[in-house]
file input.cif (mmCIF, C-alpha atoms)
data_my_file
#
loop_
_atom_site.group_PDB
_atom_site.id
_atom_site.type_symbol
_atom_site.label_atom_id
_atom_site.label_comp_id
_atom_site.auth_asym_id
_atom_site.auth_seq_id
_atom_site.Cartn_x
_atom_site.Cartn_y
_atom_site.Cartn_z
ATOM 1 C CA MET A 26 -5.226 -7.533 -18.506
ATOM 2 C CA GLU A 27 -2.656 -9.995 -19.811
ATOM 3 C CA LEU A 28 -3.123 -13.616 -18.831
ATOM 4 C CA GLU A 29 -0.411 -16.245 -19.088
ATOM 5 C CA ILE A 30 -1.077 -19.988 -18.985
ATOM 6 C CA LEU A 31 1.637 -21.647 -16.905
ATOM 7 C CA GLU A 32 0.480 -25.249 -17.070
ATOM 8 C CA ARG A 33 -2.144 -27.282 -18.964
ATOM 9 C CA ASN A 34 -3.032 -30.838 -17.964
ATOM 10 C CA LYS A 35 -5.632 -33.009 -19.651
ATOM 11 C CA ASN A 36 -7.900 -35.049 -17.398
ATOM 12 C CA PRO A 37 -9.622 -37.534 -19.726
ATOM 13 C CA LEU A 38 -11.491 -39.277 -16.907
ATOM 14 C CA LEU A 39 -13.402 -36.088 -16.026
ATOM 15 C CA GLN A 40 -13.423 -34.799 -19.626
ATOM 16 C CA ARG A 41 -11.673 -31.545 -18.767
ATOM 17 C CA GLU A 42 -8.434 -29.646 -19.001
ATOM 18 C CA GLU A 43 -6.909 -28.245 -15.809
ATOM 19 C CA ILE A 44 -5.113 -24.942 -16.158
ATOM 20 C CA ILE A 45 -2.804 -22.962 -13.906
ATOM 21 C CA PHE A 46 -2.620 -19.325 -14.953
ATOM 22 C CA LYS A 47 -0.907 -16.112 -13.913
ATOM 23 C CA THR A 48 -1.719 -12.452 -14.422
ATOM 24 C CA PHE A 49 -0.476 -9.112 -13.117
ATOM 25 C CA SER A 50 -2.957 -6.509 -11.916
ATOM 26 C CA GLU A 51 -3.381 -3.687 -9.408
ATOM 27 C CA LYS A 52 -6.553 -5.359 -8.130
ATOM 28 C CA THR A 53 -7.830 -8.909 -8.234
ATOM 29 C CA PRO A 54 -9.746 -9.417 -11.486
ATOM 30 C CA SER A 55 -13.260 -10.836 -11.306
ATOM 31 C CA ARG A 56 -14.068 -14.415 -12.246
ATOM 32 C CA LYS A 57 -15.959 -13.072 -15.259
ATOM 33 C CA GLU A 58 -12.900 -11.144 -16.520
ATOM 34 C CA ILE A 59 -10.645 -14.176 -16.131
ATOM 35 C CA LYS A 60 -13.187 -16.513 -17.757
ATOM 36 C CA SER A 61 -13.573 -14.257 -20.786
ATOM 37 C CA LYS A 62 -9.795 -14.010 -21.200
ATOM 38 C CA LEU A 63 -9.330 -17.785 -20.861
ATOM 39 C CA ALA A 64 -12.216 -18.437 -23.261
ATOM 40 C CA ALA A 65 -10.549 -16.235 -25.868
ATOM 41 C CA LEU A 66 -7.125 -17.851 -25.372
ATOM 42 C CA LEU A 67 -8.454 -21.433 -25.471
ATOM 43 C CA ASP A 68 -11.223 -20.873 -28.020
ATOM 44 C CA LYS A 69 -13.849 -22.314 -25.633
ATOM 45 C CA GLU A 70 -17.240 -21.149 -24.372
ATOM 46 C CA GLU A 71 -17.230 -19.223 -21.084
ATOM 47 C CA ASN A 72 -19.943 -21.445 -19.593
ATOM 48 C CA LEU A 73 -17.586 -24.454 -19.820
ATOM 49 C CA ILE A 74 -14.913 -22.777 -17.664
ATOM 50 C CA ILE A 75 -14.869 -23.062 -13.872
ATOM 51 C CA ILE A 76 -12.460 -20.809 -11.974
ATOM 52 C CA ASP A 77 -11.536 -22.794 -8.893
ATOM 53 C CA LYS A 78 -9.005 -20.531 -7.228
ATOM 54 C CA ILE A 79 -7.636 -16.988 -7.524
ATOM 55 C CA GLU A 80 -4.741 -16.056 -5.212
ATOM 56 C CA ASN A 81 -2.836 -12.827 -4.745
ATOM 57 C CA LYS A 82 0.773 -12.956 -3.701
ATOM 58 C CA PHE A 83 1.089 -10.670 -0.664
ATOM 59 C CA GLY A 84 2.896 -7.443 -1.510
ATOM 60 C CA SER A 85 2.924 -8.273 -5.201
ATOM 61 C CA LYS A 86 0.745 -7.556 -8.219
ATOM 62 C CA GLU A 87 1.072 -11.178 -9.330
ATOM 63 C CA ILE A 88 -2.117 -13.228 -9.265
ATOM 64 C CA GLU A 89 -2.205 -16.989 -9.805
ATOM 65 C CA GLY A 90 -5.192 -19.208 -10.273
ATOM 66 C CA PHE A 91 -6.564 -22.604 -11.161
ATOM 67 C CA ALA A 92 -9.288 -23.234 -13.745
ATOM 68 C CA LYS A 93 -11.042 -26.262 -15.174
ATOM 69 C CA VAL A 94 -12.228 -26.268 -18.791
ATOM 70 C CA TYR A 95 -14.806 -28.932 -19.582
ATOM 71 C CA ASN A 96 -15.436 -30.523 -22.975
ATOM 72 C CA SER A 97 -19.223 -30.131 -22.694
ATOM 73 C CA LYS A 98 -21.931 -29.012 -20.258
ATOM 74 C CA GLU A 99 -22.894 -32.556 -19.306
ATOM 75 C CA TYR A 100 -19.535 -33.060 -17.568
ATOM 76 C CA LEU A 101 -20.095 -30.061 -15.277
ATOM 77 C CA LYS A 102 -22.129 -32.365 -13.037
ATOM 78 C CA VAL A 103 -18.932 -33.393 -11.215
ATOM 79 C CA GLU A 104 -18.516 -29.831 -9.907
ATOM 80 C CA THR A 105 -19.709 -28.868 -6.438
ATOM 81 C CA LYS A 106 -22.881 -26.810 -6.178
ATOM 82 C CA LYS A 107 -20.853 -24.026 -4.586
ATOM 83 C CA ASN A 108 -18.500 -23.843 -7.588
ATOM 84 C CA LEU A 109 -21.406 -23.884 -10.041
ATOM 85 C CA ARG A 110 -23.106 -21.072 -8.121
ATOM 86 C CA LYS A 111 -19.938 -18.941 -8.010
ATOM 87 C CA ASN A 112 -19.036 -19.471 -11.661
ATOM 88 C CA LEU A 113 -22.305 -19.907 -13.514
ATOM 89 C CA GLY A 114 -24.945 -18.567 -11.139
ATOM 90 C CA ILE A 115 -26.707 -21.953 -10.944
ATOM 91 C CA GLU A 116 -28.806 -22.180 -7.783
ATOM 92 C CA ASP A 117 -29.502 -25.371 -5.860
ATOM 93 C CA LYS A 118 -33.274 -25.836 -6.365
ATOM 94 C CA SER A 119 -33.777 -27.990 -3.260
ATOM 95 C CA LYS A 120 -32.268 -25.296 -1.026
ATOM 96 C CA LYS A 121 -34.354 -22.568 -2.646
ATOM 97 C CA GLU A 122 -37.573 -24.553 -2.132
ATOM 98 C CA SER A 123 -36.778 -25.170 1.553
ATOM 99 C CA ASP A 124 -36.087 -21.432 2.029
ATOM 100 C CA ASN A 125 -39.521 -20.578 0.616
ATOM 101 C CA LYS A 126 -41.337 -23.035 2.910
ATOM 102 C CA GLY A 127 -40.082 -21.400 6.114
#
call {"tool": "encode", "arguments": {"input": "input.cif", "output": "structure tokens"}}
result
Amino acid sequence: MELEILERNKNPLLQREEIIFKTFSEKTPSRKEIKSKLAALLDKEENLIIIDKIENKFGSKEIEGFAKVYNSKEYLKVETKKNLRKNLGIEDKSKKESDNKG
């Protein structure tokens, strides 16, 4: 899978870089595939990359997406719990504890 970075914007306030990317594929690639490709292109760790959006163009093999690459793990705290769960597999402990009580 070839991945092309269309736009890179630095966000110093949130200590991250915001990236718009494009790829061509028969099927939508997984978040893990995209993260590993972006990590290789940007020379960053995969656990610092959050894939926010992956969109297929209807009737086309073109796929566009939006990713955020953080400078360090401590800045990931600004991400929503849903995004952390989808990208890193981090569970919300308070929800898990309430599920076990019922």
call {"tool": "resolve_selection", "arguments": {"input": "input.cif", "expression": "the PyMOL selection byres ((chain A and resi 53) around 9)", "output": "PDB file with C-alpha atoms, keeping the file's coordinate frame"}}
result
ATOM      1  CA  PHE A  49      -0.476  -9.112 -13.117  1.00  0.00           C
ATOM      2  CA  SER A  50      -2.957  -6.509 -11.916  1.00  0.00           C
ATOM      3  CA  GLU A  51      -3.381  -3.687  -9.408  1.00  0.00           C
ATOM      4  CA  LYS A  52      -6.553  -5.359  -8.130  1.00  0.00           C
ATOM      5  CA  PRO A  54      -9.746  -9.417 -11.486  1.00  0.00           C
ATOM      6  CA  SER A  55     -13.260 -10.836 -11.306  1.00  0.00           C
ATOM      7  CA  ILE A  79      -7.636 -16.988  -7.524  1.00  0.00           C
ATOM      8  CA  GLU A  80      -4.741 -16.056  -5.212  1.00  0.00           C
ATOM      9  CA  ASN A  81      -2.836 -12.827  -4.745  1.00  0.00           C
ATOM     10  CA  LYS A  86       0.745  -7.556  -8.219  1.00  0.00           C
ATOM     11  CA  ILE A  88      -2.117 -13.228  -9.265  1.00  0.00           C
TER      12      ILE A  88
END
call {"tool": "closest_residue", "arguments": {"input": "input.cif", "among": "A:Leu101, A:Ile75, A:Leu67, A:Ile59", "to": "Leu39 of chain A", "atoms": "only C-alpha atoms"}}
result
A:Leu101
call {"tool": "atom_distance", "arguments": {"input": "input.cif", "atom1": "atom CA of Glu42 of chain A", "atom2": "atom CA of Gly90 of chain A"}}
result
14.0 Å
call {"tool": "closest_residue", "arguments": {"input": "input.cif", "among": "A:Lys62, A:Lys57, A:Arg41, A:Lys106", "to": "Met26 of chain A", "atoms": "only C-alpha atoms"}}
result
A:Lys62
call {"tool": "resolve_selection", "arguments": {"input": "input.cif", "expression": "the PyMOL selection byres ((chain A and resi 96) around 12)", "output": "number ranges by chain"}}
result
A: 35-43, 67-75, 93-95, 97-101
call {"tool": "resolve_selection", "arguments": {"input": "input.cif", "expression": "the PyMOL selection byres ((chain A and resi 44) around 6)", "output": "MDAnalysis selection string"}}
result
chainID A and resid 32:33 43 45 91:92
call {"tool": "atom_distance", "arguments": {"input": "input.cif", "atom1": "atom CA of Glu87 of chain A", "atom2": "atom CA of Ser61 of chain A"}}
result
18.8 Å
call {"tool": "axis_aligned_box", "arguments": {"input": "input.cif", "around": "segment 65-82 of chain A", "padding_each_side": "4 Å", "output": "JSON"}}
result
{"center_x": -9.6, "center_y": -18.6, "center_z": -15.9, "size_x": 28.7, "size_y": 19.6, "size_z": 32.3}
call {"tool": "atom_distance", "arguments": {"input": "input.cif", "atom1": "atom CA of Thr48 of chain A", "atom2": "atom CA of Leu31 of chain A"}}
result
10.1 Å
call {"tool": "closest_residue", "arguments": {"input": "input.cif", "among": "A:Val103, A:Ile115, A:Leu109, A:Leu28", "to": "Leu63 of chain A", "atoms": "only C-alpha atoms"}}
result
A:Leu28
